[in-house]
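Asker: If it helps, the file is called query_11.pdb and holds PDB, C-alpha atoms:
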```
ATOM      1  CA  MET A   1       1.232  20.864  -5.384
ATOM      2  CA  LYS A   2       1.999  19.895  -1.788
ATOM      3  CA  GLN A   3       2.222  16.129  -1.251
ATOM      4  CA  PRO A   4       0.004  14.809   1.559
ATOM      5  CA  THR A   5       1.910  13.347   4.496
ATOM      6  CA  ASP A   6       1.712   9.666   5.404
ATOM      7  CA  ILE A   7      -0.308  10.526   8.493
ATOM      8  CA  SER A   8      -2.948  12.424   6.515
ATOM      9  CA  LEU A   9      -3.217   9.560   3.994
ATOM     10  CA  VAL A  10      -3.474   6.987   6.790
ATOM     11  CA  THR A  11      -6.186   9.075   8.470
ATOM     12  CA  GLN A  12      -8.187   9.184   5.239
ATOM     13  CA  VAL A  13      -7.910   5.406   4.901
ATOM     14  CA  ALA A  14      -8.750   4.710   8.550
ATOM     15  CA  VAL A  15     -11.679   7.126   8.846
ATOM     16  CA  PHE A  16     -13.217   7.213   5.364
ATOM     17  CA  ARG A  17     -11.863   3.916   3.948
ATOM     18  CA  ASN A  18     -10.462   6.091   1.151
ATOM     19  CA  ARG A  19      -8.951   3.595  -1.299
ATOM     20  CA  LYS A  20      -7.296   6.301  -3.398
ATOM     21  CA  ALA A  21      -5.337   7.444  -0.342
ATOM     22  CA  PHE A  22      -4.245   3.856   0.282
ATOM     23  CA  ASP A  23      -3.265   3.507  -3.373
ATOM     24  CA  ARG A  24      -0.894   6.451  -2.922
ATOM     25  CA  LEU A  25       0.672   4.725   0.078
ATOM     26  CA  VAL A  26       1.101   1.504  -1.932
ATOM     27  CA  VAL A  27       2.715   3.386  -4.837
ATOM     28  CA  LYS A  28       5.059   5.149  -2.409
ATOM     29  CA  TYR A  29       6.145   2.069  -0.457
ATOM     30  CA  GLN A  30       5.938  -0.763  -2.992
ATOM     31  CA  SER A  31       9.598  -0.461  -3.953
ATOM     32  CA  PRO A  32      11.183  -0.604  -0.454
ATOM     33  CA  ILE A  33       8.836  -3.387   0.687
ATOM     34  CA  ARG A  34       9.431  -5.524  -2.406
ATOM     35  CA  ARG A  35      13.181  -4.875  -2.123
ATOM     36  CA  PHE A  36      13.038  -5.950   1.528
ATOM     37  CA  PHE A  37      11.401  -9.245   0.536
ATOM     38  CA  LEU A  38      13.805  -9.762  -2.368
ATOM     39  CA  ALA A  39      16.684  -9.661   0.102
ATOM     40  CA  GLN A  40      14.932 -12.018   2.540
ATOM     41  CA  THR A  41      13.908 -14.559  -0.103
ATOM     42  CA  GLY A  42      17.266 -14.693  -1.841
ATOM     43  CA  GLY A  43      16.010 -12.849  -4.924
ATOM     44  CA  ASP A  44      12.770 -14.753  -5.580
ATOM     45  CA  ALA A  45      10.777 -12.020  -7.336
ATOM     46  CA  GLN A  46       7.486 -13.949  -7.512
ATOM     47  CA  LEU A  47       7.523 -14.904  -3.842
ATOM     48  CA  SER A  48       8.598 -11.366  -2.899
ATOM     49  CA  ASP A  49       5.668  -9.865  -4.764
ATOM     50  CA  ASP A  50       3.214 -12.305  -3.158
ATOM     51  CA  LEU A  51       4.520 -11.515   0.329
ATOM     52  CA  ALA A  52       4.540  -7.769  -0.405
ATOM     53  CA  GLN A  53       0.935  -8.016  -1.595
ATOM     54  CA  ASP A  54      -0.033  -9.813   1.642
ATOM     55  CA  THR A  55       1.743  -7.095   3.603
ATOM     56  CA  PHE A  56      -0.253  -4.287   1.991
ATOM     57  CA  VAL A  57      -3.562  -6.138   2.349
ATOM     58  CA  LYS A  58      -2.820  -6.701   6.072
ATOM     59  CA  ALA A  59      -1.858  -3.037   6.440
ATOM     60  CA  TYR A  60      -5.175  -1.971   4.875
ATOM     61  CA  THR A  61      -7.209  -4.362   7.018
ATOM     62  CA  ASN A  62      -5.488  -3.329  10.250
ATOM     63  CA  ILE A  63      -4.895   0.338   9.539
ATOM     64  CA  THR A  64      -7.085   1.396  12.469
ATOM     65  CA  HIS A  65      -4.531  -0.288  14.766
ATOM     66  CA  PHE A  66      -1.831   2.127  13.596
ATOM     67  CA  ARG A  67      -1.372   4.454  16.562
ATOM     68  CA  GLY A  68       1.235   6.763  15.055
ATOM     69  CA  LEU A  69       3.786   5.962  17.784
ATOM     70  CA  SER A  70       6.281   5.085  15.057
ATOM     71  CA  SER A  71       6.379   6.237  11.454
ATOM     72  CA  PHE A  72       4.085   4.552   8.938
ATOM     73  CA  SER A  73       7.091   3.027   7.140
ATOM     74  CA  THR A  74       8.338   1.411  10.374
ATOM     75  CA  TRP A  75       4.851   0.001  11.010
ATOM     76  CA  LEU A  76       4.706  -1.309   7.437
ATOM     77  CA  TYR A  77       8.157  -2.938   7.722
ATOM     78  CA  ARG A  78       6.989  -4.578  10.940
ATOM     79  CA  ILE A  79       4.004  -6.094   9.128
ATOM     80  CA  ALA A  80       6.359  -7.186   6.341
ATOM     81  CA  TYR A  81       8.665  -8.825   8.890
ATOM     82  CA  ASN A  82       5.727 -10.657  10.528
ATOM     83  CA  THR A  83       4.445 -11.749   7.120
ATOM     84  CA  PHE A  84       7.841 -13.206   6.273
ATOM     85  CA  TYR A  85       8.098 -14.832   9.712
ATOM     86  CA  ASP A  86       4.670 -16.470   9.199
ATOM     87  CA  TYR A  87       5.682 -17.641   5.729
ATOM     88  CA  VAL A  88       8.875 -19.231   7.077
ATOM     89  CA  ARG A  89       6.984 -20.918   9.922
ATOM     90  CA  HIS A  90       4.355 -22.384   7.601
ATOM     91  CA  HIS A  91       6.832 -23.607   5.040
ATOM     92  CA  LYS A  92       9.429 -24.989   7.425
ATOM     93  CA  PRO A  93       7.564 -26.932  10.118
ATOM     94  CA  THR A  94      10.656 -28.311  11.815
ATOM     95  CA  GLY A  95      12.775 -25.178  11.766
ATOM     96  CA  ASN A  96      12.539 -21.611  12.894
ATOM     97  CA  ILE A  97      13.532 -18.272  11.477
ATOM     98  CA  ASP A  98      17.066 -18.687  12.838
ATOM     99  CA  THR A  99      17.652 -21.777  10.754
ATOM    100  CA  PRO A 100      20.248 -20.949   8.116
ATOM    101  CA  GLY A 101      19.639 -22.185   4.615
ATOM    102  CA  ILE A 102      15.867 -21.900   4.812
ATOM    103  CA  LEU A 103      15.964 -20.630   1.275
ATOM    104  CA  ALA A 104      18.478 -23.183   0.113
ATOM    105  CA  ALA A 105      15.876 -25.277  -1.677
ATOM    106  CA  LYS A 106      14.722 -22.291  -3.689
ATOM    107  CA  ALA A 107      18.193 -20.875  -4.161
ATOM    108  CA  ALA A 108      19.051 -22.952  -7.188
ATOM    109  CA  HIS A 109      16.374 -21.465  -9.418
ATOM    110  CA  VAL A 110      15.327 -18.043  -8.316
ATOM    111  CA  ASP A 111      13.998 -15.375 -10.616
ATOM    112  CA  SER A 112      16.434 -12.794  -9.381
ATOM    113  CA  GLY A 113      15.868  -9.101  -8.943
ATOM    114  CA  LEU A 114      18.993  -9.192  -6.841
ATOM    115  CA  LYS A 115      22.519  -9.096  -8.202
ATOM    116  CA  LEU A 116      24.128 -12.508  -8.068
ATOM    117  CA  ASP A 117      27.050 -11.491  -5.822
ATOM    118  CA  LEU A 118      24.677  -9.964  -3.312
ATOM    119  CA  GLN A 119      22.434 -13.044  -3.443
ATOM    120  CA  HIS A 120      25.384 -15.305  -2.649
ATOM    121  CA  ALA A 121      26.646 -13.038   0.101
ATOM    122  CA  LEU A 122      23.225 -12.823   1.799
ATOM    123  CA  ARG A 123      22.758 -16.572   1.595
ATOM    124  CA  ILE A 124      25.626 -17.228   4.036
ATOM    125  CA  LEU A 125      23.778 -15.301   6.756
ATOM    126  CA  SER A 126      21.145 -16.692   9.095
ATOM    127  CA  PRO A 127      17.669 -15.179   8.464
ATOM    128  CA  LYS A 128      17.875 -12.874  11.489
ATOM    129  CA  GLU A 129      21.365 -11.711  10.547
ATOM    130  CA  ARG A 130      20.148 -11.208   6.986
ATOM    131  CA  LEU A 131      17.141  -9.281   8.270
ATOM    132  CA  CYS A 132      19.229  -6.890  10.378
ATOM    133  CA  VAL A 133      21.962  -6.507   7.754
ATOM    134  CA  THR A 134      19.550  -5.783   4.910
ATOM    135  CA  LEU A 135      17.497  -3.360   6.986
ATOM    136  CA  GLN A 136      20.651  -1.440   7.819
ATOM    137  CA  LEU A 137      22.742  -1.739   4.649
ATOM    138  CA  ILE A 138      20.093  -1.949   1.919
ATOM    139  CA  GLU A 139      17.186  -0.052   3.437
ATOM    140  CA  GLY A 140      19.334   2.395   5.406
ATOM    141  CA  GLN A 141      17.391   1.990   8.651
ATOM    142  CA  ARG A 142      18.863   3.163  11.954
ATOM    143  CA  ILE A 143      19.339   0.697  14.817
ATOM    144  CA  ASP A 144      16.396   2.120  16.802
ATOM    145  CA  LYS A 145      14.165   1.628  13.743
ATOM    146  CA  ILE A 146      15.407  -1.957  13.311
ATOM    147  CA  VAL A 147      14.560  -2.532  16.974
ATOM    148  CA  ALA A 148      11.034  -1.164  16.393
ATOM    149  CA  ILE A 149      10.556  -3.246  13.227
ATOM    150  CA  THR A 150      11.826  -6.561  14.550
ATOM    151  CA  GLY A 151      10.797  -6.221  18.179
ATOM    152  CA  MET A 152      14.227  -7.536  19.206
ATOM    153  CA  ALA A 153      16.274  -5.958  21.972
ATOM    154  CA  GLU A 154      18.851  -3.404  20.869
ATOM    155  CA  GLY A 155      21.691  -5.629  22.055
ATOM    156  CA  THR A 156      20.332  -8.557  20.042
ATOM    157  CA  VAL A 157      20.095  -6.436  16.893
ATOM    158  CA  LYS A 158      23.664  -5.202  17.364
ATOM    159  CA  SER A 159      24.865  -8.738  17.919
ATOM    160  CA  HIS A 160      23.128 -10.004  14.747
ATOM    161  CA  LEU A 161      24.627  -7.102  12.827
ATOM    162  CA  SER A 162      28.063  -7.777  14.196
ATOM    163  CA  ARG A 163      27.955 -11.514  13.452
ATOM    164  CA  GLY A 164      26.488 -10.893  10.015
ATOM    165  CA  LYS A 165      29.121  -8.335   9.111
ATOM    166  CA  GLN A 166      31.863 -10.603  10.367
ATOM    167  CA  LYS A 167      30.609 -13.409   8.119
ATOM    168  CA  LEU A 168      30.347 -10.985   5.208
ATOM    169  CA  THR A 169      33.907  -9.720   5.753
ATOM    170  CA  VAL A 170      35.240 -13.279   5.675
ATOM    171  CA  TYR A 171      33.161 -14.158   2.623
ATOM    172  CA  LEU A 172      34.136 -11.029   0.689
ATOM    173  CA  LYS A 173      37.844 -11.352   1.472
ATOM    174  CA  GLN A 174      37.840 -15.037   0.571
ATOM    175  CA  ASN A 175      36.151 -14.226  -2.712
ATOM    176  CA  GLY A 176      38.660 -11.643  -3.848
ATOM    177  CA  TYR A 177      37.009  -8.420  -2.739
ATOM    178  CA  ASP A 178      39.429  -5.955  -1.190
TER
ATOM    179  CA  MET B 179      36.217 -17.650  10.590
ATOM    180  CA  THR B 180      37.317 -15.169  13.230
ATOM    181  CA  GLU B 181      40.606 -14.448  11.533
ATOM    182  CA  TYR B 182      39.173 -11.223  10.075
ATOM    183  CA  ASN B 183      37.837  -8.216  11.916
ATOM    184  CA  ILE B 184      34.729  -6.570  10.548
ATOM    185  CA  ASP B 185      35.716  -4.455   7.560
ATOM    186  CA  GLU B 186      32.962  -1.811   7.491
ATOM    187  CA  LYS B 187      34.454  -0.031   4.488
ATOM    188  CA  LEU B 188      34.629  -3.213   2.416
ATOM    189  CA  ILE B 189      31.046  -4.154   3.302
ATOM    190  CA  THR B 190      29.716  -0.651   2.572
ATOM    191  CA  ARG B 191      31.565  -0.615  -0.778
ATOM    192  CA  PHE B 192      30.154  -4.039  -1.646
ATOM    193  CA  PHE B 193      26.553  -3.049  -0.834
ATOM    194  CA  GLU B 194      27.021   0.242  -2.666
ATOM    195  CA  ALA B 195      28.252  -1.592  -5.780
ATOM    196  CA  ASN B 196      25.346  -4.080  -5.593
ATOM    197  CA  ARG B 197      22.723  -1.503  -4.717
ATOM    198  CA  ILE B 198      19.151  -2.506  -5.616
ATOM    199  CA  GLY B 199      17.624   0.631  -7.046
ATOM    200  CA  GLU B 200      13.987   1.664  -7.203
ATOM    201  CA  ILE B 201      11.794  -1.290  -8.235
ATOM    202  CA  GLU B 202       9.354  -0.301 -10.967
ATOM    203  CA  ASP B 203       5.687  -0.718 -10.104
ATOM    204  CA  ARG B 204       4.656  -2.623 -13.291
ATOM    205  CA  GLY B 205       1.049  -3.107 -12.180
ATOM    206  CA  PHE B 206       1.934  -4.202  -8.646
ATOM    207  CA  SER B 207      -0.097  -1.480  -6.887
ATOM    208  CA  ARG B 208      -3.065  -2.168  -9.209
ATOM    209  CA  ARG B 209      -2.950  -5.855  -8.215
ATOM    210  CA  VAL B 210      -2.805  -4.908  -4.522
ATOM    211  CA  MET B 211      -5.784  -2.568  -4.877
ATOM    212  CA  ARG B 212      -7.778  -5.359  -6.522
ATOM    213  CA  GLN B 213      -7.029  -7.662  -3.563
ATOM    214  CA  LEU B 214      -8.251  -5.239  -0.894
ATOM    215  CA  PRO B 215     -11.358  -6.467   0.901
ATOM    216  CA  VAL B 216     -14.571  -4.469   0.644
ATOM    217  CA  SER B 217     -16.145  -3.953   4.062
ATOM    218  CA  ARG B 218     -19.580  -5.461   4.823
ATOM    219  CA  MET B 219     -20.985  -2.036   5.690
ATOM    220  CA  HIS B 220     -19.826  -0.675   2.351
ATOM    221  CA  ARG B 221     -21.487  -3.554   0.500
ATOM    222  CA  LEU B 222     -24.742  -3.048   2.445
ATOM    223  CA  ASN B 223     -24.564   0.674   1.726
ATOM    224  CA  THR B 224     -24.240   0.000  -2.007
ATOM    225  CA  LEU B 225     -27.131  -2.495  -1.956
ATOM    226  CA  TRP B 226     -29.323  -0.019  -0.067
ATOM    227  CA  THR B 227     -28.475   2.746  -2.577
ATOM    228  CA  LEU B 228     -29.307   0.447  -5.496
ATOM    229  CA  LEU B 229     -32.604  -0.611  -3.898
ATOM    230  CA  CYS B 230     -33.655   2.997  -3.243
ATOM    231  CA  THR B 231     -32.669   3.994  -6.800
ATOM    232  CA  LEU B 232     -34.736   1.127  -8.207
ATOM    233  CA  ILE B 233     -37.799   2.093  -6.127
ATOM    234  CA  ALA B 234     -37.384   5.746  -7.170
ATOM    235  CA  VAL B 235     -37.157   4.823 -10.874
ATOM    236  CA  VAL B 236     -40.264   2.562 -10.690
ATOM    237  CA  TYR B 237     -42.207   5.230  -8.786
ATOM    238  CA  PHE B 238     -41.073   7.857 -11.291
ATOM    239  CA  PHE B 239     -42.394   5.949 -14.319
ATOM    240  CA  MET B 240     -45.558   4.735 -12.561
ATOM    241  CA  HIS B 241     -46.604   8.314 -11.880
ATOM    242  CA  GLN B 242     -45.730   9.692 -15.326
ATOM    243  CA  GLY B 243     -42.641  11.360 -13.964
ATOM    244  CA  THR B 244     -41.357  12.428 -17.374
ATOM    245  CA  ARG B 245     -44.485  14.506 -18.060
ATOM    246  CA  VAL B 246     -44.402  16.100 -14.599
ATOM    247  CA  LEU B 247     -40.706  16.799 -14.957
ATOM    248  CA  PHE B 248     -41.179  18.285 -18.424
ATOM    249  CA  VAL B 249     -43.875  20.683 -17.171
ATOM    250  CA  ALA B 250     -41.827  21.605 -14.109
ATOM    251  CA  PHE B 251     -38.690  22.237 -16.132
ATOM    252  CA  SER B 252     -40.486  24.249 -18.800
ATOM    253  CA  HIS B 253     -41.900  26.472 -16.026
ATOM    254  CA  LEU B 254     -38.510  26.764 -14.429
ATOM    255  CA  TRP B 255     -36.881  27.510 -17.774
ATOM    256  CA  ASN B 256     -39.425  30.218 -18.589
ATOM    257  CA  ASN B 257     -39.055  31.755 -15.158
ATOM    258  CA  PHE B 258     -35.279  31.563 -15.439
ATOM    259  CA  PHE B 259     -35.294  33.423 -18.765
ATOM    260  CA  ALA B 260     -37.784  35.917 -17.442
ATOM    261  CA  SER B 261     -35.515  36.571 -14.475
ATOM    262  CA  LEU B 262     -32.597  37.207 -16.845
ATOM    263  CA  VAL B 263     -34.541  39.560 -19.120
ATOM    264  CA  MET B 264     -36.344  41.413 -16.371
ATOM    265  CA  PRO B 265     -34.444  40.932 -13.134
ATOM    266  CA  GLU B 266     -36.716  41.361 -10.145
ATOM    267  CA  TRP B 267     -36.053  40.390  -6.558
ATOM    268  CA  ASN B 268     -39.085  38.101  -6.337
ATOM    269  CA  MET B 269     -37.847  36.126  -9.404
ATOM    270  CA  THR B 270     -34.610  35.006  -7.732
ATOM    271  CA  THR B 271     -36.431  32.012  -6.208
ATOM    272  CA  ALA B 272     -36.870  30.416  -9.636
ATOM    273  CA  LEU B 273     -33.246  31.082 -10.555
ATOM    274  CA  LEU B 274     -31.943  29.619  -7.287
ATOM    275  CA  THR B 275     -34.206  26.575  -7.607
ATOM    276  CA  TYR B 276     -32.904  25.981 -11.129
ATOM    277  CA  ILE B 277     -29.263  26.249 -10.063
ATOM    278  CA  GLY B 278     -29.992  24.034  -7.052
ATOM    279  CA  VAL B 279     -31.594  21.300  -9.153
ATOM    280  CA  VAL B 280     -28.708  21.326 -11.645
ATOM    281  CA  LEU B 281     -26.119  21.132  -8.849
ATOM    282  CA  VAL B 282     -27.904  18.250  -7.106
ATOM    283  CA  MET B 283     -28.097  16.337 -10.394
ATOM    284  CA  VAL B 284     -24.398  16.919 -11.124
ATOM    285  CA  PHE B 285     -23.394  15.695  -7.657
ATOM    286  CA  ALA B 286     -25.720  12.687  -7.854
ATOM    287  CA  VAL B 287     -24.270  11.609 -11.203
ATOM    288  CA  TYR B 288     -20.716  12.144  -9.915
ATOM    289  CA  HIS B 289     -21.448  10.079  -6.788
ATOM    290  CA  VAL B 290     -22.978   7.220  -8.776
ATOM    291  CA  LEU B 291     -20.061   7.190 -11.240
ATOM    292  CA  THR B 292     -17.423   7.208  -8.486
ATOM    293  CA  ASN B 293     -19.133   4.364  -6.650
ATOM    294  CA  ALA B 294     -19.555   2.363  -9.834
ATOM    295  CA  ARG B 295     -15.859   2.786 -10.753
ATOM    296  CA  ARG B 296     -14.862   1.462  -7.321
ATOM    297  CA  PHE B 297     -16.643  -1.842  -7.918
ATOM    298  CA  ILE B 298     -15.624  -2.423 -11.536
TER
END
```
Mind turning the file's structure into structure tokens?
Answerer:
Amino acid sequence: MKQPTDISLVTQVAVFRNRKAFDRLVVKYQSPIRRFFLAQTGGDAQLSDDLAQDTFVKAYTNITHFRGLSSFSTWLYRIAYNTFYDYVRHHKPTGNIDTPGILAAKAAHVDSGLKLDLQHALRILSPKERLCVTLQLIEGQRIDKIVAITGMAEGTVKSHLSRGKQKLTVYLKQNGYD
Amino acid sequence: MTEYNIDEKLITRFFEANRIGEIEDRGFSRRVMRQLPVSRMHRLNTLWTLLCTLIAVVYFFMHQGTRVLFVAFSHLWNNFFASLVMPEWNMTTALLTYIGVVLVMVFAVYHVLTNARRFI
């Protein structure tokens, strides 16, 4: 049987408030969205699931604002990014998303869905570097998609990627990877 | 820190080796679906349907609906069988009415069940 496209499912949700159609979207995108949060939270599975849940609820509530200018997945990642940004802001009143080590307090005892080496490697990056690096290297997003998700300028994304990869190269070489 | 240039191959190999595969659902989507808000219009619609159903049921029993329905159905049933045994053009009305009533009842039950499942 032919699978319905994202656009047809979104239309059913937006026009008829069809919850079954939205359920299919959740089933389809739960894995990439939860994986995205796992990378951002340093492997905290519980927090990742809570943030992913918030993301899907926000997507359902605001689905009529989806204009179809980008793909549904890009729109969903953008909501996920904003959800994470809000979480960071509310839980770190004196810092911002660029502050490295925002997850340091949680880092010691995370319920990891992330391999330990990857957790350690991602922890040396600033949140924005981590965001760009994970979107590109874990989620396989192109630069133009990362630009659409984060709302940053292309040059800024490239610069975060470059700095992040430089840090990763140093870290990996110093830790015996070759 | 800047003593190394970016080693794309090393980084790609590292991320490939530490790839996070597909995360199993394990009830996640069910939990999300339970958290979705129900719109005010939808709630009002359900209340209105329930109110109308209640009025219809009360009216039905107050006016001996079961007896009326029994008589009506026995007539329909007889006419239906008559139309099968002796098909005549003027008998098709009874047959169509019978099919129509059955279809409406099936759809009504289906609609009520689907709505009920949504709120459980």
Asker: For the atom pair CA of Thr156 in chain A and CA of Leu131 in chain A, what is the interatomic distance in Å to one decimal place?
Answerer: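 Computing the Euclidean distance for CA of Thr156 in chain A and CA of Leu131 in chain A yields 12.2 Å.
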Asker: In Å, with one decimal, what is the gap from CA of Val157 in chain A to CA of Lys128 in chain A?
Answerer: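 Those two atoms sit 8.7 Å apart.
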Asker: Within 9 Å of Asp185 in chain B, counting all atoms listed in the file, which residues qualify if same-chain residues fewer than 3 places away don't, as an mmCIF file with C-alpha atoms, in the coordinates of the input?
Answerer:
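For reference, part.cif as written:
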```
data_model
loop_
_atom_site.group_PDB
_atom_site.id
_atom_site.type_symbol
_atom_site.label_atom_id
_atom_site.label_comp_id
_atom_site.auth_asym_id
_atom_site.auth_seq_id
_atom_site.Cartn_x
_atom_site.Cartn_y
_atom_site.Cartn_z
ATOM 1 C CA LYS A 165 29.121 -8.335 9.111
ATOM 2 C CA GLN A 166 31.863 -10.603 10.367
ATOM 3 C CA LEU A 168 30.347 -10.985 5.208
ATOM 4 C CA THR A 169 33.907 -9.720 5.753
ATOM 5 C CA TYR B 182 39.173 -11.223 10.075
ATOM 6 C CA LEU B 188 34.629 -3.213 2.416
ATOM 7 C CA ILE B 189 31.046 -4.154 3.302
ATOM 8 C CA THR B 190 29.716 -0.651 2.572
#
```
Asker: Which chain B residues are at most 6 Å from chain A (counting only C-alpha atoms), as a list of chain:residue names?
Answerer: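 Result: B:Ile184, B:Asp185, B:Glu200, B:Ile201, B:Ser207, B:Val210, B:Leu214.
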Asker: Have a look at CA of Thr41 in chain A and CA of Ile124 in chain A and let me know their distance in Å, one decimal.
Answerer: 12.7 Å
Asker: I'd like the neighbourhood of range 252-254 of chain B as number ranges by chain, where a residue qualifies if any of its atoms comes within 12 Å (using only C-alpha atoms), though same-chain residues fewer than 3 positions away should be ignored.
Answerer: B: 244-249, 257-261, 269-280
Asker: Which residues, written as a list in words, have at least one atom at most 10 Å from Pro4 in chain A, with all atoms listed in the file counted and residues fewer than 3 positions away on the same chain left out?
Answerer: Met1, Ile7, Ser8, Leu9, Ala21 and Arg24 of chain A
